[in-house]
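K.L.:
Data: final.cif, mmCIF, N, CA and C atoms.
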```cif
data_structure
#
loop_
_atom_site.label_atom_id
_atom_site.label_comp_id
_atom_site.auth_asym_id
_atom_site.auth_seq_id
_atom_site.Cartn_x
_atom_site.Cartn_y
_atom_site.Cartn_z
N MET A 781 0.85 -1.18 0.00
CA MET A 781 0.00 0.00 0.00
C MET A 781 0.89 1.23 0.00
N GLY A 782 0.65 2.17 -0.86
CA GLY A 782 1.46 3.37 -0.94
C GLY A 782 1.16 4.35 0.18
N GLU A 783 2.05 5.29 0.39
CA GLU A 783 1.93 6.29 1.46
C GLU A 783 0.60 7.04 1.39
N THR A 784 0.16 7.41 0.19
CA THR A 784 -1.08 8.17 0.09
C THR A 784 -2.31 7.32 0.37
N GLU A 785 -2.24 6.02 0.18
CA GLU A 785 -3.38 5.15 0.42
C GLU A 785 -3.70 5.00 1.90
N HIS A 786 -2.75 5.23 2.78
CA HIS A 786 -3.00 5.13 4.22
C HIS A 786 -2.53 6.39 4.94
N SER A 787 -2.66 7.53 4.24
CA SER A 787 -2.08 8.75 4.78
C SER A 787 -2.64 9.15 6.14
N MET A 788 -3.88 8.89 6.44
CA MET A 788 -4.42 9.27 7.74
C MET A 788 -4.64 8.05 8.64
N SER A 789 -4.01 6.96 8.32
CA SER A 789 -4.09 5.76 9.14
C SER A 789 -2.93 5.73 10.13
N ALA A 790 -3.11 4.97 11.19
CA ALA A 790 -1.98 4.70 12.08
C ALA A 790 -0.99 3.83 11.30
N CYS A 791 0.29 4.09 11.48
CA CYS A 791 1.35 3.32 10.83
C CYS A 791 2.45 3.09 11.85
N TRP A 792 3.34 2.18 11.52
CA TRP A 792 4.49 1.95 12.39
C TRP A 792 5.76 2.00 11.57
N PHE A 793 6.88 2.22 12.27
CA PHE A 793 8.17 2.29 11.58
C PHE A 793 9.24 1.60 12.42
N GLY A 794 10.36 1.33 11.77
CA GLY A 794 11.48 0.67 12.45
C GLY A 794 11.35 -0.83 12.44
N ARG A 795 11.89 -1.46 13.52
CA ARG A 795 11.82 -2.92 13.65
C ARG A 795 10.51 -3.34 14.29
N HIS A 796 9.96 -4.43 13.82
CA HIS A 796 8.75 -5.03 14.40
C HIS A 796 9.04 -5.32 15.87
N TRP A 797 8.19 -4.87 16.77
CA TRP A 797 8.44 -5.07 18.20
C TRP A 797 7.58 -6.17 18.81
N GLY A 798 6.99 -7.00 17.95
CA GLY A 798 6.28 -8.17 18.44
C GLY A 798 4.83 -7.94 18.80
N ALA A 799 4.31 -6.77 18.55
CA ALA A 799 2.91 -6.47 18.88
C ALA A 799 2.01 -6.73 17.68
N PRO A 800 0.79 -7.17 17.92
CA PRO A 800 -0.16 -7.34 16.82
C PRO A 800 -0.38 -6.06 16.03
N PHE A 801 -0.17 -4.91 16.67
CA PHE A 801 -0.28 -3.62 15.98
C PHE A 801 0.57 -3.62 14.71
N CYS A 802 1.77 -4.18 14.80
CA CYS A 802 2.68 -4.21 13.65
C CYS A 802 2.17 -5.14 12.55
N ASP A 803 1.38 -6.14 12.92
CA ASP A 803 0.85 -7.08 11.93
C ASP A 803 -0.36 -6.52 11.20
N SER A 804 -1.08 -5.61 11.86
CA SER A 804 -2.36 -5.16 11.30
C SER A 804 -2.34 -3.74 10.74
N THR A 805 -1.21 -3.06 10.81
CA THR A 805 -1.12 -1.70 10.28
C THR A 805 0.06 -1.60 9.32
N PRO A 806 0.02 -0.63 8.42
CA PRO A 806 1.11 -0.47 7.45
C PRO A 806 2.41 -0.02 8.10
N GLN A 807 3.51 -0.46 7.52
CA GLN A 807 4.83 0.00 7.93
C GLN A 807 5.26 1.12 6.99
N ILE A 808 5.88 2.15 7.56
CA ILE A 808 6.41 3.26 6.78
C ILE A 808 7.90 3.38 7.06
N PRO A 809 8.64 4.09 6.22
CA PRO A 809 10.06 4.34 6.51
C PRO A 809 10.22 5.12 7.81
N VAL A 810 11.34 4.92 8.47
CA VAL A 810 11.62 5.65 9.72
C VAL A 810 11.67 7.15 9.40
N PRO A 811 10.89 7.96 10.12
CA PRO A 811 10.85 9.41 9.86
C PRO A 811 12.00 10.13 10.57
N VAL A 812 13.20 9.87 10.14
CA VAL A 812 14.40 10.41 10.79
C VAL A 812 14.30 11.93 10.89
N GLY A 813 14.54 12.43 12.11
CA GLY A 813 14.54 13.86 12.35
C GLY A 813 13.21 14.43 12.83
N GLU A 814 12.12 13.69 12.64
CA GLU A 814 10.83 14.15 13.17
C GLU A 814 10.89 14.13 14.69
N THR A 815 10.13 14.97 15.34
CA THR A 815 10.12 15.07 16.80
C THR A 815 9.06 14.16 17.39
N CYS A 816 9.43 13.42 18.42
CA CYS A 816 8.48 12.56 19.12
C CYS A 816 7.50 13.43 19.89
N LEU A 817 6.22 13.13 19.74
CA LEU A 817 5.18 13.89 20.41
C LEU A 817 5.30 13.83 21.93
N TRP A 818 5.76 12.70 22.48
CA TRP A 818 5.84 12.54 23.93
C TRP A 818 7.12 13.15 24.52
N CYS A 819 8.27 12.65 24.07
CA CYS A 819 9.52 13.05 24.72
C CYS A 819 10.18 14.26 24.07
N GLU A 820 9.73 14.62 22.89
CA GLU A 820 10.25 15.76 22.14
C GLU A 820 11.68 15.58 21.66
N GLU A 821 12.15 14.32 21.65
CA GLU A 821 13.47 14.01 21.08
C GLU A 821 13.28 13.63 19.61
N PRO A 822 14.28 13.86 18.78
CA PRO A 822 14.14 13.48 17.38
C PRO A 822 14.15 11.97 17.19
N ILE A 823 13.45 11.52 16.18
CA ILE A 823 13.45 10.12 15.79
C ILE A 823 14.76 9.83 15.06
N ALA A 824 15.46 8.79 15.48
CA ALA A 824 16.74 8.41 14.86
C ALA A 824 16.52 7.23 13.91
N ALA A 825 17.49 7.00 13.06
CA ALA A 825 17.38 5.96 12.03
C ALA A 825 17.14 4.57 12.60
N ASP A 826 17.62 4.29 13.81
CA ASP A 826 17.45 2.95 14.38
C ASP A 826 16.27 2.85 15.36
N ASP A 827 15.42 3.89 15.42
CA ASP A 827 14.26 3.88 16.30
C ASP A 827 13.08 3.14 15.66
N SER A 828 12.20 2.67 16.53
CA SER A 828 10.92 2.09 16.12
C SER A 828 9.82 2.90 16.78
N GLY A 829 8.65 2.93 16.16
CA GLY A 829 7.56 3.69 16.75
C GLY A 829 6.33 3.72 15.90
N VAL A 830 5.50 4.73 16.15
CA VAL A 830 4.22 4.86 15.46
C VAL A 830 4.06 6.26 14.89
N ARG A 831 3.23 6.32 13.87
CA ARG A 831 2.76 7.59 13.31
C ARG A 831 1.25 7.55 13.39
N MET A 832 0.69 8.59 13.97
CA MET A 832 -0.76 8.69 14.11
C MET A 832 -1.22 10.05 13.60
N PRO A 833 -2.45 10.12 13.12
CA PRO A 833 -3.00 11.44 12.80
C PRO A 833 -3.15 12.22 14.11
N HIS A 834 -2.82 13.49 14.07
CA HIS A 834 -2.93 14.35 15.25
C HIS A 834 -3.78 15.55 14.84
N ILE A 835 -4.94 15.66 15.46
CA ILE A 835 -5.88 16.72 15.11
C ILE A 835 -5.85 17.77 16.21
N SER A 836 -5.65 19.02 15.82
CA SER A 836 -5.62 20.13 16.77
C SER A 836 -6.30 21.33 16.13
N LEU A 837 -6.35 22.43 16.86
CA LEU A 837 -6.93 23.65 16.32
C LEU A 837 -6.16 24.15 15.09
N GLN A 838 -4.89 23.78 15.01
CA GLN A 838 -4.07 24.21 13.88
C GLN A 838 -4.28 23.31 12.65
N GLY A 839 -5.05 22.26 12.79
CA GLY A 839 -5.32 21.36 11.68
C GLY A 839 -4.83 19.95 11.97
N THR A 840 -4.87 19.13 10.96
CA THR A 840 -4.46 17.74 11.10
C THR A 840 -3.04 17.58 10.58
N ARG A 841 -2.23 16.89 11.34
CA ARG A 841 -0.86 16.61 10.93
C ARG A 841 -0.51 15.22 11.45
N TYR A 842 0.67 14.77 11.16
CA TYR A 842 1.14 13.50 11.70
C TYR A 842 1.84 13.73 13.02
N ALA A 843 1.64 12.81 13.94
CA ALA A 843 2.39 12.81 15.20
C ALA A 843 3.18 11.52 15.23
N TYR A 844 4.45 11.62 15.57
CA TYR A 844 5.34 10.47 15.64
C TYR A 844 5.70 10.23 17.10
N GLN A 845 5.82 8.97 17.47
CA GLN A 845 6.26 8.62 18.81
C GLN A 845 7.16 7.40 18.75
N HIS A 846 8.22 7.43 19.58
CA HIS A 846 9.02 6.22 19.77
C HIS A 846 8.10 5.16 20.35
N VAL A 847 8.39 3.89 20.10
CA VAL A 847 7.51 2.83 20.59
C VAL A 847 7.35 2.90 22.11
N GLU A 848 8.43 3.15 22.84
CA GLU A 848 8.31 3.20 24.30
C GLU A 848 7.52 4.43 24.76
N CYS A 849 7.60 5.52 24.04
CA CYS A 849 6.81 6.71 24.39
C CYS A 849 5.33 6.46 24.11
N PHE A 850 5.04 5.80 23.00
CA PHE A 850 3.66 5.44 22.66
C PHE A 850 3.09 4.50 23.72
N LEU A 851 3.86 3.47 24.08
CA LEU A 851 3.38 2.52 25.09
C LEU A 851 3.23 3.17 26.46
N ARG A 852 4.11 4.08 26.81
CA ARG A 852 3.99 4.77 28.09
C ARG A 852 2.68 5.54 28.16
N SER A 853 2.23 6.08 27.03
CA SER A 853 0.97 6.83 27.04
C SER A 853 -0.23 5.91 27.28
N ILE A 854 -0.06 4.62 27.06
CA ILE A 854 -1.12 3.63 27.32
C ILE A 854 -0.96 3.03 28.71
N LEU A 855 0.26 2.64 29.05
CA LEU A 855 0.54 1.94 30.31
C LEU A 855 0.53 2.86 31.53
N GLY A 856 0.92 4.09 31.33
CA GLY A 856 1.13 5.01 32.44
C GLY A 856 2.57 4.96 32.89
N SER A 857 2.92 5.87 33.74
CA SER A 857 4.28 5.97 34.25
C SER A 857 4.57 4.83 35.23
N VAL A 858 5.82 4.74 35.66
CA VAL A 858 6.20 3.77 36.70
C VAL A 858 5.37 4.03 37.95
N GLY A 859 5.27 5.30 38.37
CA GLY A 859 4.49 5.64 39.55
C GLY A 859 3.03 5.25 39.42
N HIS A 860 2.48 5.42 38.24
CA HIS A 860 1.09 5.04 38.02
C HIS A 860 0.92 3.52 38.09
N GLN A 861 1.82 2.80 37.42
CA GLN A 861 1.72 1.33 37.42
C GLN A 861 1.88 0.76 38.83
N LEU A 862 2.66 1.43 39.68
CA LEU A 862 2.86 0.99 41.06
C LEU A 862 1.81 1.58 42.01
N GLU A 863 0.87 2.33 41.45
CA GLU A 863 -0.23 2.95 42.20
C GLU A 863 0.27 3.93 43.27
N LEU A 864 1.32 4.68 42.93
CA LEU A 864 1.89 5.66 43.85
C LEU A 864 1.50 7.09 43.51
N CYS A 865 0.91 7.28 42.35
CA CYS A 865 0.63 8.63 41.88
C CYS A 865 -0.70 9.16 42.44
N ARG A 866 -0.98 10.37 42.10
CA ARG A 866 -2.21 11.04 42.56
C ARG A 866 -3.47 10.31 42.10
N CYS A 867 -3.40 9.60 41.01
CA CYS A 867 -4.56 8.83 40.52
C CYS A 867 -5.06 7.85 41.57
N PHE A 868 -4.16 7.38 42.40
CA PHE A 868 -4.49 6.39 43.42
C PHE A 868 -4.44 6.97 44.83
N GLY A 869 -4.48 8.29 44.93
CA GLY A 869 -4.46 8.93 46.24
C GLY A 869 -3.08 9.21 46.78
N GLY A 870 -2.05 8.89 46.03
CA GLY A 870 -0.69 9.16 46.47
C GLY A 870 -0.31 10.61 46.25
N ASN A 871 0.88 10.95 46.65
CA ASN A 871 1.34 12.32 46.44
C ASN A 871 2.59 12.38 45.58
N ASP A 872 3.03 11.23 45.08
CA ASP A 872 4.21 11.21 44.23
C ASP A 872 3.85 11.65 42.82
N ASP A 873 4.78 12.36 42.20
CA ASP A 873 4.63 12.71 40.80
C ASP A 873 4.81 11.43 39.99
N CYS A 874 4.12 11.35 38.89
CA CYS A 874 4.18 10.14 38.07
C CYS A 874 5.50 10.00 37.31
N GLU A 875 6.24 11.06 37.15
CA GLU A 875 7.47 11.01 36.38
C GLU A 875 8.67 11.29 37.28
N PRO A 876 9.67 10.41 37.29
CA PRO A 876 10.87 10.67 38.09
C PRO A 876 11.61 11.90 37.57
N PRO A 877 11.89 12.88 38.42
CA PRO A 877 12.52 14.12 37.95
C PRO A 877 13.95 13.94 37.44
N GLU A 878 14.62 12.87 37.86
CA GLU A 878 16.01 12.67 37.43
C GLU A 878 16.12 12.03 36.04
N MET A 879 14.98 11.63 35.48
CA MET A 879 14.99 10.98 34.16
C MET A 879 14.43 11.91 33.09
N SER A 880 14.94 11.75 31.88
CA SER A 880 14.33 12.45 30.75
C SER A 880 12.98 11.78 30.48
N ARG A 881 12.16 12.41 29.71
CA ARG A 881 10.84 11.82 29.39
C ARG A 881 11.02 10.49 28.66
N ARG A 882 12.00 10.39 27.82
CA ARG A 882 12.23 9.13 27.09
C ARG A 882 12.74 8.06 28.03
N GLU A 883 13.64 8.40 28.93
CA GLU A 883 14.13 7.43 29.92
C GLU A 883 12.97 6.94 30.79
N ALA A 884 12.09 7.85 31.19
CA ALA A 884 10.93 7.48 32.00
C ALA A 884 9.98 6.56 31.22
N ALA A 885 9.84 6.82 29.93
CA ALA A 885 9.00 5.95 29.08
C ALA A 885 9.61 4.55 28.98
N ARG A 886 10.93 4.50 28.81
CA ARG A 886 11.60 3.19 28.77
C ARG A 886 11.43 2.45 30.10
N ALA A 887 11.56 3.16 31.21
CA ALA A 887 11.39 2.54 32.52
C ALA A 887 9.96 2.00 32.69
N ALA A 888 8.97 2.74 32.22
CA ALA A 888 7.58 2.29 32.31
C ALA A 888 7.37 1.02 31.48
N CYS A 889 7.96 0.96 30.30
CA CYS A 889 7.85 -0.24 29.44
C CYS A 889 8.57 -1.42 30.09
N ASP A 890 9.75 -1.17 30.64
CA ASP A 890 10.50 -2.24 31.29
C ASP A 890 9.72 -2.81 32.47
N LEU A 891 9.12 -1.94 33.27
CA LEU A 891 8.33 -2.40 34.42
C LEU A 891 7.14 -3.23 33.96
N ALA A 892 6.42 -2.75 32.96
CA ALA A 892 5.26 -3.48 32.46
C ALA A 892 5.66 -4.86 31.93
N GLN A 893 6.76 -4.93 31.18
CA GLN A 893 7.23 -6.22 30.65
C GLN A 893 7.64 -7.14 31.79
N SER A 894 8.32 -6.62 32.78
CA SER A 894 8.75 -7.42 33.93
C SER A 894 7.55 -7.99 34.68
N ARG A 895 6.55 -7.16 34.90
CA ARG A 895 5.35 -7.62 35.61
C ARG A 895 4.59 -8.65 34.79
N TRP A 896 4.56 -8.46 33.47
CA TRP A 896 3.90 -9.43 32.59
C TRP A 896 4.60 -10.78 32.68
N ARG A 897 5.94 -10.77 32.60
CA ARG A 897 6.71 -12.02 32.67
C ARG A 897 6.52 -12.72 34.01
N GLN A 898 6.49 -11.95 35.09
CA GLN A 898 6.26 -12.53 36.42
C GLN A 898 4.90 -13.22 36.51
N ARG A 899 3.94 -12.60 35.90
CA ARG A 899 2.57 -13.12 35.98
C ARG A 899 2.29 -14.25 34.99
N TYR A 900 2.76 -14.08 33.76
CA TYR A 900 2.39 -15.00 32.69
C TYR A 900 3.55 -15.80 32.11
N GLY A 901 4.74 -15.58 32.57
CA GLY A 901 5.92 -16.24 32.00
C GLY A 901 6.41 -15.50 30.79
N SER A 902 7.40 -16.05 30.11
CA SER A 902 7.99 -15.36 28.97
C SER A 902 7.03 -15.33 27.84
#
```
Turn the structure described in the file into structure tokens.
P.N.:
Amino acid sequence: MGETEHSMSACWFGRHWGAPFCDSTPQIPVPVGETCLWCEEPIAADDSGVRMPHISLQGTRYAYQHVECFLRSILGSVGHQLELCRCFGGNDDCEPPEMSRREAARAACDLAQSRWRQRYGS
């Protein structure tokens, strides 16, 4: 399928990360240099992630996210997953201040994978 045929569809880029999302959506070339919507770091040639339509008052554009930043937006932060944040009555901030947003997203993905393996095995 060409780029224009799925221009407003969700797409993924980089290496397949084992999720059904990669099986059911089109793959596009890595958008090197585009800014990640979550962490605001540029997408590098060896990154994997998603492209989604992003609708705002300024119009519709593409939003790119590293895979771990995209997953963090679904899973929640480490503090959220551990039920320490304000969502659960805690007073801890959901994001560790000593980490960059991308590092915090990676930590959230690592925690979720670790908990999954503990519960369900590899």
K.L.:
Find, counting only C-alpha atoms, the residue in A:Trp818, A:Leu851, A:Ala790, A:Gly870 that gets nearest to Thr805 of chain A.
P.N.:
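Selected residue with least distance to Thr805 of chain A: A:Ala790.
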K.L.:
Quick one: pick out all alpha helix (DSSP H) residues within segment 823-901 of chain A from a backbone DSSP run and write them as a PyMOL selection string.
P.N.:
chain A and resi 847-855+858-861+881-900
K.L.:
Selected by the PyMOL selection byres ((chain A and resi 793-801) around 8) in the shown coordinates: which residues, as a PyMOL selection string?
P.N.:
chain A and resi 791-792+802-811+825-831
K.L.:
For a quick check of understanding, using all atoms listed in the file, which of A:Arg897, A:Ile823, A:Gly813, A:Ser857 has the smallest distance to Pro876 of chain A?
P.N.:
A:Ser857
K.L.:
Please report the interatomic distance between atom C of Cys874 of chain A and atom C of Arg899 of chain A in Å with one decimal.
P.N.:
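Atom C of Arg899 of chain A lies at a distance of 24.6 Å from atom C of Cys874 of chain A.
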K.L.:
Evaluating the PyMOL selection byres ((chain A and resi 845) around 7) on the displayed file yields which residues, as a list in words?
P.N.:
Thr815, Cys816, Leu817, Trp818, Cys819, Ser828, Gly829, Val830, Arg831, Met832, Ala843, Tyr844, His846, Val847, Glu848, Cys849 and Phe850 of chain A
K.L.:
Enter the distance from atom CA of Ala884 of chain A to atom CA of Cys867 of chain A, in Å, rounded to one decimal.
P.N.:
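The value is 17.7 Å.
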K.L.:
Residues of segment 796-874 of chain A in strand (DSSP E or B) according to DSSP, as a list in words?
P.N.:
Gln807, Ile808, Thr815, Cys816, Pro822, Gly829, Val830, Arg831, Met832, Pro833, His834, Ile835, Ser836, Gly839, Thr840, Arg841, Tyr842, Ala843, Tyr844, Gln845, His846, Cys865 and Asp872 of chain A
K.L.:
My list of candidates is A:Gln893, A:Pro833, A:Gln861, A:Arg841. Which is closest to Ser789 of chain A when distances are computed with only N, CA and C atoms?
P.N.:
A:Pro833
K.L.:
In Å, with one decimal, what is the gap from atom N of Ala887 of chain A to atom N of Leu864 of chain A?
P.N.:
15.6 Å
K.L.:
Excluding Glu875 of chain A and any residue of its chain fewer than 2 positions from it, enumerate the residues within 7 Å of it, using all atoms listed in the file, and give them as number ranges by chain.
P.N.:
A: 857-860, 872-873, 877-879, 884
